[in-house]
>>> print(open('protein.txt').read())   # compact mmCIF, C-alpha atoms
# COMPACT_ATOMS: atom_id res chain seq x y z
CA MET A 1 36.66 -11.19 -40.49
CA GLU A 2 36.38 -8.11 -42.68
CA LYS A 3 35.92 -5.14 -40.32
CA SER A 4 34.69 -2.58 -42.85
CA GLY A 5 31.37 -1.14 -41.67
CA LEU A 6 32.19 -2.10 -38.11
CA PHE A 7 32.94 0.33 -35.29
CA GLN A 8 34.94 -0.30 -32.14
CA ILE A 9 33.08 -0.10 -28.87
CA GLY A 10 34.79 3.15 -27.87
CA ASP A 11 33.75 4.86 -31.10
CA VAL A 12 30.15 3.67 -30.71
CA ALA A 13 30.09 4.90 -27.13
CA LYS A 14 31.16 8.38 -28.26
CA MET A 15 28.65 8.45 -31.12
CA PHE A 16 25.75 7.64 -28.81
CA SER A 17 26.97 9.59 -25.77
CA LEU A 18 27.23 6.40 -23.76
CA SER A 19 30.03 4.95 -21.68
CA VAL A 20 31.91 1.85 -22.69
CA GLY A 21 30.80 0.40 -19.37
CA THR A 22 27.15 0.89 -20.34
CA LEU A 23 27.62 -0.96 -23.63
CA ARG A 24 29.41 -3.77 -21.82
CA HIS A 25 26.52 -3.95 -19.35
CA TYR A 26 24.01 -4.15 -22.23
CA GLU A 27 26.03 -7.06 -23.58
CA LYS A 28 26.21 -8.77 -20.20
CA ILE A 29 22.43 -8.72 -19.69
CA GLY A 30 21.74 -9.79 -23.26
CA LEU A 31 20.25 -6.49 -24.36
CA LEU A 32 22.70 -5.74 -27.19
CA SER A 33 25.65 -7.92 -28.12
CA PRO A 34 28.51 -6.77 -30.37
CA GLU A 35 28.35 -7.78 -34.00
CA TYR A 36 31.85 -9.18 -33.73
CA ILE A 37 34.41 -9.86 -30.99
CA ASP A 38 38.00 -10.29 -32.16
CA PRO A 39 39.10 -13.65 -30.74
CA GLU A 40 42.73 -12.51 -30.47
CA THR A 41 42.34 -9.03 -28.98
CA GLY A 42 38.88 -9.26 -27.42
CA TYR A 43 38.00 -5.96 -29.11
CA ARG A 44 34.28 -5.50 -29.60
CA TYR A 45 32.77 -4.18 -32.81
CA TYR A 46 29.27 -2.97 -33.66
CA SER A 47 27.68 -2.65 -37.08
CA THR A 48 25.57 0.18 -38.47
CA ARG A 49 22.55 -2.13 -38.52
CA GLN A 50 22.71 -2.15 -34.72
CA PHE A 51 22.51 1.64 -34.50
CA GLU A 52 18.73 1.66 -34.87
CA CYS A 53 18.49 -0.74 -31.94
CA LEU A 54 20.77 1.53 -29.90
CA ASN A 55 18.62 4.53 -30.78
CA THR A 56 15.55 2.66 -29.51
CA ILE A 57 17.31 1.71 -26.29
CA ARG A 58 18.46 5.29 -25.70
CA TYR A 59 14.97 6.65 -26.38
CA LEU A 60 13.31 4.26 -23.95
CA ARG A 61 16.00 4.86 -21.32
CA VAL A 62 15.35 8.62 -21.57
CA LEU A 63 11.76 7.73 -20.64
CA ASP A 64 13.19 5.80 -17.66
CA THR A 65 11.94 2.48 -19.03
CA PRO A 66 13.49 -0.46 -17.12
CA LEU A 67 16.07 -2.46 -19.05
CA ASP A 68 14.17 -5.74 -18.72
CA GLN A 69 11.12 -4.17 -20.36
CA ILE A 70 13.30 -2.78 -23.15
CA ALA A 71 14.79 -6.24 -23.71
CA ASP A 72 11.32 -7.73 -23.89
CA PHE A 73 10.26 -5.15 -26.47
CA LEU A 74 13.36 -5.71 -28.64
CA LYS A 75 12.46 -9.40 -28.85
CA ASN A 76 8.95 -8.52 -30.05
CA ARG A 77 8.95 -5.19 -31.83
CA GLU A 78 5.35 -4.47 -32.70
CA VAL A 79 3.33 -1.24 -32.69
CA ASP A 80 0.83 -2.51 -30.14
CA HIS A 81 3.71 -3.66 -27.96
CA ILE A 82 5.40 -0.24 -27.92
CA GLN A 83 2.03 1.40 -27.23
CA GLU A 84 1.47 -0.81 -24.21
CA LEU A 85 5.05 -0.26 -23.04
CA LEU A 86 4.64 3.52 -23.24
CA ARG A 87 1.30 3.39 -21.41
CA GLN A 88 2.87 1.36 -18.61
CA GLN A 89 5.77 3.77 -18.38
CA LYS A 90 3.39 6.74 -18.31
CA GLU A 91 1.59 5.21 -15.31
CA ALA A 92 4.94 4.54 -13.63
CA VAL A 93 5.87 8.19 -14.12
CA ARG A 94 2.54 9.31 -12.65
CA SER A 95 3.09 7.03 -9.66
CA LYS A 96 6.56 8.50 -9.17
CA GLN A 97 5.11 12.00 -9.39
CA ARG A 98 2.66 11.15 -6.62
CA GLU A 99 5.49 9.79 -4.49
CA LEU A 100 7.53 12.95 -5.06
CA GLU A 101 4.56 15.14 -4.16
CA ILE A 102 4.23 13.27 -0.85
CA ILE A 103 7.96 13.69 -0.20
CA GLU A 104 7.65 17.40 -0.96
CA ARG A 105 4.80 17.78 1.52
CA LYS A 106 6.80 15.92 4.18
CA ILE A 107 9.73 18.25 3.60
CA ASP A 108 7.41 21.24 3.94
CA ASN A 109 6.01 19.80 7.18
CA ARG A 110 9.48 19.42 8.65
CA LEU A 111 10.61 22.87 7.50
CA ARG A 112 7.56 24.45 9.16
CA GLN A 113 8.22 22.52 12.37
CA ILE A 114 11.88 23.54 12.49
CA GLU A 115 11.06 27.19 11.74
CA ASP A 116 8.42 27.12 14.47
CA ALA A 117 10.88 25.55 16.92
CA VAL A 118 13.75 27.98 16.32
CA THR A 119 11.43 30.95 16.89
CA SER A 120 9.93 29.50 20.09
CA GLU A 121 9.24 31.58 23.16
CA LEU A 122 10.99 29.50 25.81
CA ASP A 123 10.10 28.81 29.46
CA THR A 124 6.68 30.42 29.16
CA VAL A 125 3.56 28.43 30.05
CA ARG A 126 0.70 29.01 27.65
CA LEU A 127 -2.86 27.78 27.29
CA VAL A 128 -3.46 26.93 23.65
CA THR A 129 -5.70 24.94 21.35
CA CYS A 130 -3.61 22.13 19.88
CA PRO A 131 -4.68 20.94 16.43
CA ALA A 132 -5.95 17.43 15.80
CA LYS A 133 -3.22 14.84 15.37
CA ARG A 134 -2.65 11.23 14.44
CA ILE A 135 -0.40 9.10 16.62
CA THR A 136 0.58 5.52 17.16
CA TRP A 137 1.94 4.61 20.57
CA ILE A 138 3.16 1.83 22.80
CA ARG A 139 3.01 1.47 26.55
CA ASN A 140 6.60 1.41 27.72
CA SER A 141 7.91 2.48 31.11
CA LEU A 142 11.35 4.04 30.79
CA SER A 143 13.71 6.66 32.10
CA ILE A 144 15.51 8.76 29.51
CA HIS A 145 19.07 9.85 30.15
CA SER A 146 20.04 10.21 26.49
CA TYR A 147 18.45 9.83 23.07
CA LEU A 148 19.79 6.26 22.95
CA ASP A 149 17.30 5.22 25.64
CA LEU A 150 14.51 5.67 23.10
CA GLU A 151 16.03 3.50 20.38
CA MET A 152 14.37 0.18 21.32
CA SER A 153 10.96 1.83 21.57
CA ILE A 154 11.50 3.49 18.18
CA ARG A 155 12.31 0.10 16.66
CA GLN A 156 9.06 -1.28 18.12
CA LEU A 157 7.09 1.60 16.65
CA GLU A 158 8.70 1.09 13.27
CA GLY A 159 7.79 -2.58 13.35
CA LYS A 160 7.40 -4.09 9.91
CA GLN A 161 6.33 -1.01 8.01
CA LYS A 162 6.61 -1.42 4.25
CA ASP A 163 8.23 2.01 4.01
CA ALA A 164 10.98 3.19 6.31
CA MET A 165 9.58 5.74 8.76
CA VAL A 166 11.49 8.94 9.40
CA PHE A 167 11.42 9.89 13.06
CA LEU A 168 13.21 13.24 13.25
CA GLY A 169 11.06 15.57 15.31
CA LYS A 170 8.21 13.06 15.47
CA VAL A 171 8.95 10.70 18.36
CA GLY A 172 7.54 11.70 21.73
CA VAL A 173 7.11 10.33 25.24
CA GLY A 174 4.26 10.72 27.67
CA ILE A 175 3.27 10.46 31.33
CA THR A 176 -0.17 9.08 32.16
CA GLN A 177 -2.86 11.25 33.72
CA GLU A 178 -2.58 9.23 36.96
CA HIS A 179 1.15 9.85 37.30
CA LEU A 180 0.80 13.51 36.35
CA LEU A 181 -1.70 13.96 39.16
CA GLU A 182 0.76 12.26 41.52
CA GLN A 183 3.49 14.60 40.19
CA GLU A 184 5.70 11.66 39.16
CA TYR A 185 7.84 13.24 36.47
CA GLN A 186 10.97 11.07 36.51
CA LYS A 187 9.70 8.18 34.38
CA TYR A 188 7.63 7.94 31.24
CA ASP A 189 4.75 5.57 30.64
CA LEU A 190 4.48 5.56 26.86
CA VAL A 191 6.29 6.36 23.63
CA PHE A 192 4.42 7.69 20.62
CA LEU A 193 5.02 8.55 17.00
CA LEU A 194 3.39 11.68 15.61
CA LEU A 195 2.23 10.88 12.08
CA ASP A 196 2.17 13.32 9.20
CA PRO A 197 -1.06 13.38 7.15
CA GLU A 198 0.91 11.71 4.34
CA ASP A 199 2.21 8.83 6.50
CA GLU A 200 0.73 5.39 5.86
CA TYR A 201 1.19 3.39 9.05
CA GLU A 202 0.34 -0.31 9.23
CA GLY A 203 -0.95 -0.71 12.75
CA THR A 204 -3.21 0.93 15.29
CA VAL A 205 -3.47 4.69 14.79
CA GLU A 206 -5.25 6.97 17.25
CA GLU A 207 -6.97 10.12 16.05
CA ILE A 208 -6.74 12.82 18.71
CA PRO A 209 -9.15 15.72 18.12
CA ALA A 210 -8.22 19.36 18.66
CA GLU A 211 -7.92 20.01 22.39
CA THR A 212 -6.99 22.67 24.92
CA CYS A 213 -3.53 22.13 26.39
CA VAL A 214 -1.12 23.83 28.72
CA THR A 215 2.23 23.92 26.98
CA ILE A 216 5.79 24.94 27.54
CA ARG A 217 8.86 24.92 25.33
CA PHE A 218 12.37 24.95 26.70
CA CYS A 219 15.99 24.66 25.66
CA GLY A 220 16.97 21.11 26.51
CA SER A 221 15.85 17.51 26.18
CA HIS A 222 13.86 14.96 28.17
CA SER A 223 16.34 14.91 31.05
CA ASP A 224 15.56 18.61 31.64
CA ALA A 225 11.79 18.11 31.68
CA PRO A 226 10.86 17.45 35.38
CA GLY A 227 11.26 21.10 36.38
CA LYS A 228 9.11 22.15 33.45
CA TYR A 229 6.34 19.76 34.51
CA ARG A 230 6.35 21.47 37.91
CA MET A 231 5.95 24.83 36.19
CA LEU A 232 2.95 23.43 34.30
CA ALA A 233 1.50 21.98 37.52
CA ASP A 234 1.76 25.37 39.26
CA TYR A 235 0.05 27.06 36.32
CA MET A 236 -2.79 24.52 36.29
CA GLU A 237 -3.35 24.90 40.01
CA GLU A 238 -3.36 28.70 39.77
CA HIS A 239 -5.84 28.71 36.87
CA GLN A 240 -7.97 25.82 38.18
CA LEU A 241 -7.33 23.53 35.23
CA GLN A 242 -7.96 19.78 35.33
CA ILE A 243 -5.70 17.24 33.59
CA VAL A 244 -7.71 15.07 31.18
CA GLY A 245 -5.08 12.96 29.42
CA PHE A 246 -1.45 11.93 29.13
CA SER A 247 1.31 14.43 28.46
CA ARG A 248 2.86 14.75 25.00
CA GLU A 249 6.55 15.56 25.24
CA ILE A 250 8.52 15.82 22.04
CA THR A 251 11.98 17.09 21.15
CA LEU A 252 11.47 19.42 18.20
CA ILE A 253 15.21 19.94 17.77
CA ASP A 254 17.75 17.51 19.22
CA TYR A 255 20.74 15.36 18.23
CA GLY A 256 19.01 14.32 15.02
CA LEU A 257 19.30 17.90 13.73
CA THR A 258 22.22 19.44 15.61
CA SER A 259 25.08 18.58 17.95
CA ASN A 260 24.77 21.98 19.63
CA LYS A 261 22.75 21.41 22.82
CA GLU A 262 22.09 25.13 23.10
CA GLN A 263 19.84 24.79 20.06
CA PHE A 264 17.75 21.93 21.46
CA VAL A 265 14.04 22.66 21.83
CA THR A 266 11.57 20.38 23.62
CA GLU A 267 7.84 20.91 24.01
CA ILE A 268 5.44 19.51 26.62
CA GLN A 269 1.68 19.54 26.09
CA ILE A 270 -0.88 18.46 28.73
CA PRO A 271 -4.58 18.33 27.77
CA VAL A 272 -6.78 20.17 30.27
CA LEU A 273 -10.31 21.35 31.05
CA GLN A 274 -11.50 24.16 33.29
CA LYS A 275 -12.55 22.80 36.70
>>> encode(input="protein.txt", output="structure tokens")
Amino acid sequence: MEKSGLFQIGDVAKMFSLSVGTLRHYEKIGLLSPEYIDPETGYRYYSTRQFECLNTIRYLRVLDTPLDQIADFLKNREVDHIQELLRQQKEAVRSKQRELEIIERKIDNRLRQIEDAVTSELDTVRLVTCPAKRITWIRNSLSIHSYLDLEMSIRQLEGKQKDAMVFLGKVGVGITQEHLLEQEYQKYDLVFLLLDPEDEYEGTVEEIPAETCVTIRFCGSHSDAPGKYRMLADYMEEHQLQIVGFSREITLIDYGLTSNKEQFVTEIQIPVLQK
């Protein structure tokens, strides 16, 4: 075959700032096949009449249009078709923007939590108003000797969510009001997941209003908590405070963020009322 007016695949790749691999992929999926393939050498050649098609592909790829939609358009190149394709891609971009905005807010939430944790005043009992929160929880009696003891409960909380849930700094454990009154601090009665406002959770979600809590933060993890519960109990007795709910114990900084145990921060909150 006369090869005048034909360009080897490497030359076409350079002209269009593409890789040879990309052009081979376009051929493989039927998007753009070479004008000619030398039967002896296997060399691939493209003609100038294919350049317009390549320009269209590159333009639509810059707009992040999926390859299957580009292929569909190339089979039916009409003005109304390209208009509809661009409208669909515009909506896809808007949807992606919304997703990125949610991700940005989640990052901001975590940054605020970490900054708050690293500046904590440790081993000091305080009486504070805790903001409203959304949680999902499961009843699960367990003792925690390491973060691995929580893994099965975390898997239960995750369930069959359509989106993978991120648990860093959001998984907590609790002791029921009954067991707090009996000063049983060695085992936990429930595991909960603290939900960000942006989290969409498929399952039962409990809205907890703002409430008064006695709280303490300390360097350590769940295995270090019993002594801190006793400090809270002493404070509540001294100030005549009545327990009105389960405890909320959450590791704000632990193995998920650092391997340095000296940087661990755990918080315990117990909702109370004045007697």
>>> closest_atom_pairs(input="protein.txt", of="segment 71-186 of chain A", to="segment 210-234 of chain A", cutoff="12 Å", atoms="all atoms listed in the file", output="CSV")
residue,atom,partner,partner_atom,distance
A:Asp116,CA,A:Arg217,CA,11.1
A:Ala117,CA,A:Arg217,CA,8.7
A:Val118,CA,A:Cys219,CA,10.2
A:Thr119,CA,A:Arg217,CA,10.7
A:Ser120,CA,A:Arg217,CA,7.0
A:Glu121,CA,A:Arg217,CA,7.0
A:Leu122,CA,A:Phe218,CA,4.8
A:Asp123,CA,A:Phe218,CA,5.3
A:Thr124,CA,A:Ile216,CA,5.8
A:Val125,CA,A:Ile216,CA,4.8
A:Arg126,CA,A:Thr215,CA,5.4
A:Leu127,CA,A:Val214,CA,4.5
A:Val128,CA,A:Cys213,CA,5.5
A:Thr129,CA,A:Thr212,CA,4.4
A:Cys130,CA,A:Glu211,CA,5.4
A:Pro131,CA,A:Ala210,CA,4.5
A:Ala132,CA,A:Ala210,CA,4.1
A:Lys133,CA,A:Ala210,CA,7.5
A:Arg134,CA,A:Ala210,CA,10.7
A:Leu142,CA,A:His222,CA,11.5
A:Ser143,CA,A:Ser223,CA,8.7
A:Ile144,CA,A:Ser223,CA,6.4
A:His145,CA,A:Ser223,CA,5.8
A:Ser146,CA,A:Ser223,CA,7.5
A:Tyr147,CA,A:His222,CA,8.6
A:Leu148,CA,A:His222,CA,11.8
A:Asp149,CA,A:His222,CA,10.6
A:Leu150,CA,A:His222,CA,10.6
A:Val171,CA,A:His222,CA,11.8
A:Gly172,CA,A:His222,CA,9.6
A:Val173,CA,A:His222,CA,8.7
A:Gly174,CA,A:His222,CA,10.5
A:Ile175,CA,A:Tyr229,CA,10.3
A:His179,CA,A:Tyr229,CA,11.5
A:Leu180,CA,A:Tyr229,CA,8.6
A:Leu181,CA,A:Ala233,CA,8.8
A:Glu182,CA,A:Ala233,CA,10.5
A:Gln183,CA,A:Arg230,CA,7.8
A:Glu184,CA,A:Pro226,CA,8.6
A:Tyr185,CA,A:Pro226,CA,5.3
A:Gln186,CA,A:Pro226,CA,6.5
>>> write_last_selection(input="protein.txt", atoms="C-alpha atoms", output="PDB file, in the coordinates of the input")
ATOM      1  CA  ASP A 116       8.420  27.120  14.470  1.00  0.00           C
ATOM      2  CA  ALA A 117      10.880  25.550  16.920  1.00  0.00           C
ATOM      3  CA  VAL A 118      13.750  27.980  16.320  1.00  0.00           C
ATOM      4  CA  THR A 119      11.430  30.950  16.890  1.00  0.00           C
ATOM      5  CA  SER A 120       9.930  29.500  20.090  1.00  0.00           C
ATOM      6  CA  GLU A 121       9.240  31.580  23.160  1.00  0.00           C
ATOM      7  CA  LEU A 122      10.990  29.500  25.810  1.00  0.00           C
ATOM      8  CA  ASP A 123      10.100  28.810  29.460  1.00  0.00           C
ATOM      9  CA  THR A 124       6.680  30.420  29.160  1.00  0.00           C
ATOM     10  CA  VAL A 125       3.560  28.430  30.050  1.00  0.00           C
ATOM     11  CA  ARG A 126       0.700  29.010  27.650  1.00  0.00           C
ATOM     12  CA  LEU A 127      -2.860  27.780  27.290  1.00  0.00           C
ATOM     13  CA  VAL A 128      -3.460  26.930  23.650  1.00  0.00           C
ATOM     14  CA  THR A 129      -5.700  24.940  21.350  1.00  0.00           C
ATOM     15  CA  CYS A 130      -3.610  22.130  19.880  1.00  0.00           C
ATOM     16  CA  PRO A 131      -4.680  20.940  16.430  1.00  0.00           C
ATOM     17  CA  ALA A 132      -5.950  17.430  15.800  1.00  0.00           C
ATOM     18  CA  LYS A 133      -3.220  14.840  15.370  1.00  0.00           C
ATOM     19  CA  ARG A 134      -2.650  11.230  14.440  1.00  0.00           C
ATOM     20  CA  LEU A 142      11.350   4.040  30.790  1.00  0.00           C
ATOM     21  CA  SER A 143      13.710   6.660  32.100  1.00  0.00           C
ATOM     22  CA  ILE A 144      15.510   8.760  29.510  1.00  0.00           C
ATOM     23  CA  HIS A 145      19.070   9.850  30.150  1.00  0.00           C
ATOM     24  CA  SER A 146      20.040  10.210  26.490  1.00  0.00           C
ATOM     25  CA  TYR A 147      18.450   9.830  23.070  1.00  0.00           C
ATOM     26  CA  LEU A 148      19.790   6.260  22.950  1.00  0.00           C
ATOM     27  CA  ASP A 149      17.300   5.220  25.640  1.00  0.00           C
ATOM     28  CA  LEU A 150      14.510   5.670  23.100  1.00  0.00           C
ATOM     29  CA  VAL A 171       8.950  10.700  18.360  1.00  0.00           C
ATOM     30  CA  GLY A 172       7.540  11.700  21.730  1.00  0.00           C
ATOM     31  CA  VAL A 173       7.110  10.330  25.240  1.00  0.00           C
ATOM     32  CA  GLY A 174       4.260  10.720  27.670  1.00  0.00           C
ATOM     33  CA  ILE A 175       3.270  10.460  31.330  1.00  0.00           C
ATOM     34  CA  HIS A 179       1.150   9.850  37.300  1.00  0.00           C
ATOM     35  CA  LEU A 180       0.800  13.510  36.350  1.00  0.00           C
ATOM     36  CA  LEU A 181      -1.700  13.960  39.160  1.00  0.00           C
ATOM     37  CA  GLU A 182       0.760  12.260  41.520  1.00  0.00           C
ATOM     38  CA  GLN A 183       3.490  14.600  40.190  1.00  0.00           C
ATOM     39  CA  GLU A 184       5.700  11.660  39.160  1.00  0.00           C
ATOM     40  CA  TYR A 185       7.840  13.240  36.470  1.00  0.00           C
ATOM     41  CA  GLN A 186      10.970  11.070  36.510  1.00  0.00           C
TER      42      GLN A 186
END
>>> closest_residue(input="protein.txt", among="A:Leu86, A:Lys28, A:Leu157, A:Asn260", to="Val62 of chain A", atoms="all atoms listed in the file")
A:Leu86
>>> closest_residue(input="protein.txt", among="A:Val205, A:Leu273, A:Leu67, A:Leu190", to="Arg248 of chain A", atoms="all atoms listed in the file")
A:Leu190
>>> residues_around(input="protein.txt", residues="Asn140 of chain A", least_positions_apart="4", cutoff="9 Å", atoms="only C-alpha atoms", output="PDB file with C-alpha atoms, in the frame of the given file")
ATOM      1  CA  SER A 153      10.960   1.830  21.570  1.00  0.00           C
ATOM      2  CA  TYR A 188       7.630   7.940  31.240  1.00  0.00           C
ATOM      3  CA  ASP A 189       4.750   5.570  30.640  1.00  0.00           C
ATOM      4  CA  LEU A 190       4.480   5.560  26.860  1.00  0.00           C
ATOM      5  CA  VAL A 191       6.290   6.360  23.630  1.00  0.00           C
TER       6      VAL A 191
END
>>> closest_residue(input="protein.txt", among="A:Glu198, A:Phe264, A:Glu35, A:Ile135", to="Leu100 of chain A", atoms="only C-alpha atoms")
A:Glu198
>>> atom_distance(input="protein.txt", atom1="atom CA of Tyr43 of chain A", atom2="atom CA of Gln8 of chain A")
7.1 Å
>>> build_atoms(input="protein.txt", residues="segment 82-97 of chain A", atoms="N, CA, C and O atoms", output="CSV table (one decimal), keeping the file's coordinate frame")
chain,number,residue,atom,x,y,z
A,82,ILE,N,4.8,-1.5,-28.4
A,82,ILE,CA,5.4,-0.2,-27.9
A,82,ILE,C,4.3,0.7,-27.3
A,82,ILE,O,4.6,1.4,-26.3
A,83,GLN,N,3.1,0.6,-27.8
A,83,GLN,CA,2.0,1.4,-27.2
A,83,GLN,C,1.8,1.0,-25.8
A,83,GLN,O,1.7,1.8,-24.9
A,84,GLU,N,1.7,-0.3,-25.6
A,84,GLU,CA,1.5,-0.8,-24.2
A,84,GLU,C,2.6,-0.5,-23.3
A,84,GLU,O,2.5,-0.1,-22.1
A,85,LEU,N,3.9,-0.6,-23.8
A,85,LEU,CA,5.0,-0.3,-23.0
A,85,LEU,C,5.0,1.2,-22.6
A,85,LEU,O,5.3,1.5,-21.5
A,86,LEU,N,4.7,2.1,-23.6
A,86,LEU,CA,4.6,3.5,-23.2
A,86,LEU,C,3.5,3.8,-22.3
A,86,LEU,O,3.7,4.7,-21.4
A,87,ARG,N,2.4,3.2,-22.4
A,87,ARG,CA,1.3,3.4,-21.4
A,87,ARG,C,1.7,3.0,-20.0
A,87,ARG,O,1.5,3.7,-19.0
A,88,GLN,N,2.4,1.8,-19.9
A,88,GLN,CA,2.9,1.4,-18.6
A,88,GLN,C,3.9,2.3,-18.0
A,88,GLN,O,3.8,2.6,-16.8
A,89,GLN,N,4.8,2.8,-18.9
A,89,GLN,CA,5.8,3.8,-18.4
A,89,GLN,C,5.1,5.1,-18.0
A,89,GLN,O,5.6,5.7,-17.0
A,90,LYS,N,4.1,5.5,-18.7
A,90,LYS,CA,3.4,6.7,-18.3
A,90,LYS,C,2.8,6.6,-16.9
A,90,LYS,O,2.9,7.5,-16.1
A,91,GLU,N,2.2,5.4,-16.6
A,91,GLU,CA,1.6,5.2,-15.3
A,91,GLU,C,2.7,5.2,-14.2
A,91,GLU,O,2.5,5.7,-13.1
A,92,ALA,N,3.8,4.6,-14.6
A,92,ALA,CA,4.9,4.5,-13.6
A,92,ALA,C,5.4,5.9,-13.3
A,92,ALA,O,5.8,6.3,-12.2
A,93,VAL,N,5.5,6.8,-14.3
A,93,VAL,CA,5.9,8.2,-14.1
A,93,VAL,C,4.9,8.9,-13.2
A,93,VAL,O,5.2,9.7,-12.3
A,94,ARG,N,3.6,8.7,-13.5
A,94,ARG,CA,2.5,9.3,-12.6
A,94,ARG,C,2.7,8.9,-11.2
A,94,ARG,O,2.5,9.7,-10.3
A,95,SER,N,2.9,7.5,-11.0
A,95,SER,CA,3.1,7.0,-9.7
A,95,SER,C,4.3,7.7,-9.0
A,95,SER,O,4.2,8.0,-7.8
A,96,LYS,N,5.4,7.9,-9.7
A,96,LYS,CA,6.6,8.5,-9.2
A,96,LYS,C,6.3,10.0,-8.8
A,96,LYS,O,6.8,10.5,-7.8
A,97,GLN,N,5.5,10.6,-9.7
A,97,GLN,CA,5.1,12.0,-9.4
A,97,GLN,C,4.3,12.1,-8.1
A,97,GLN,O,4.6,13.0,-7.3
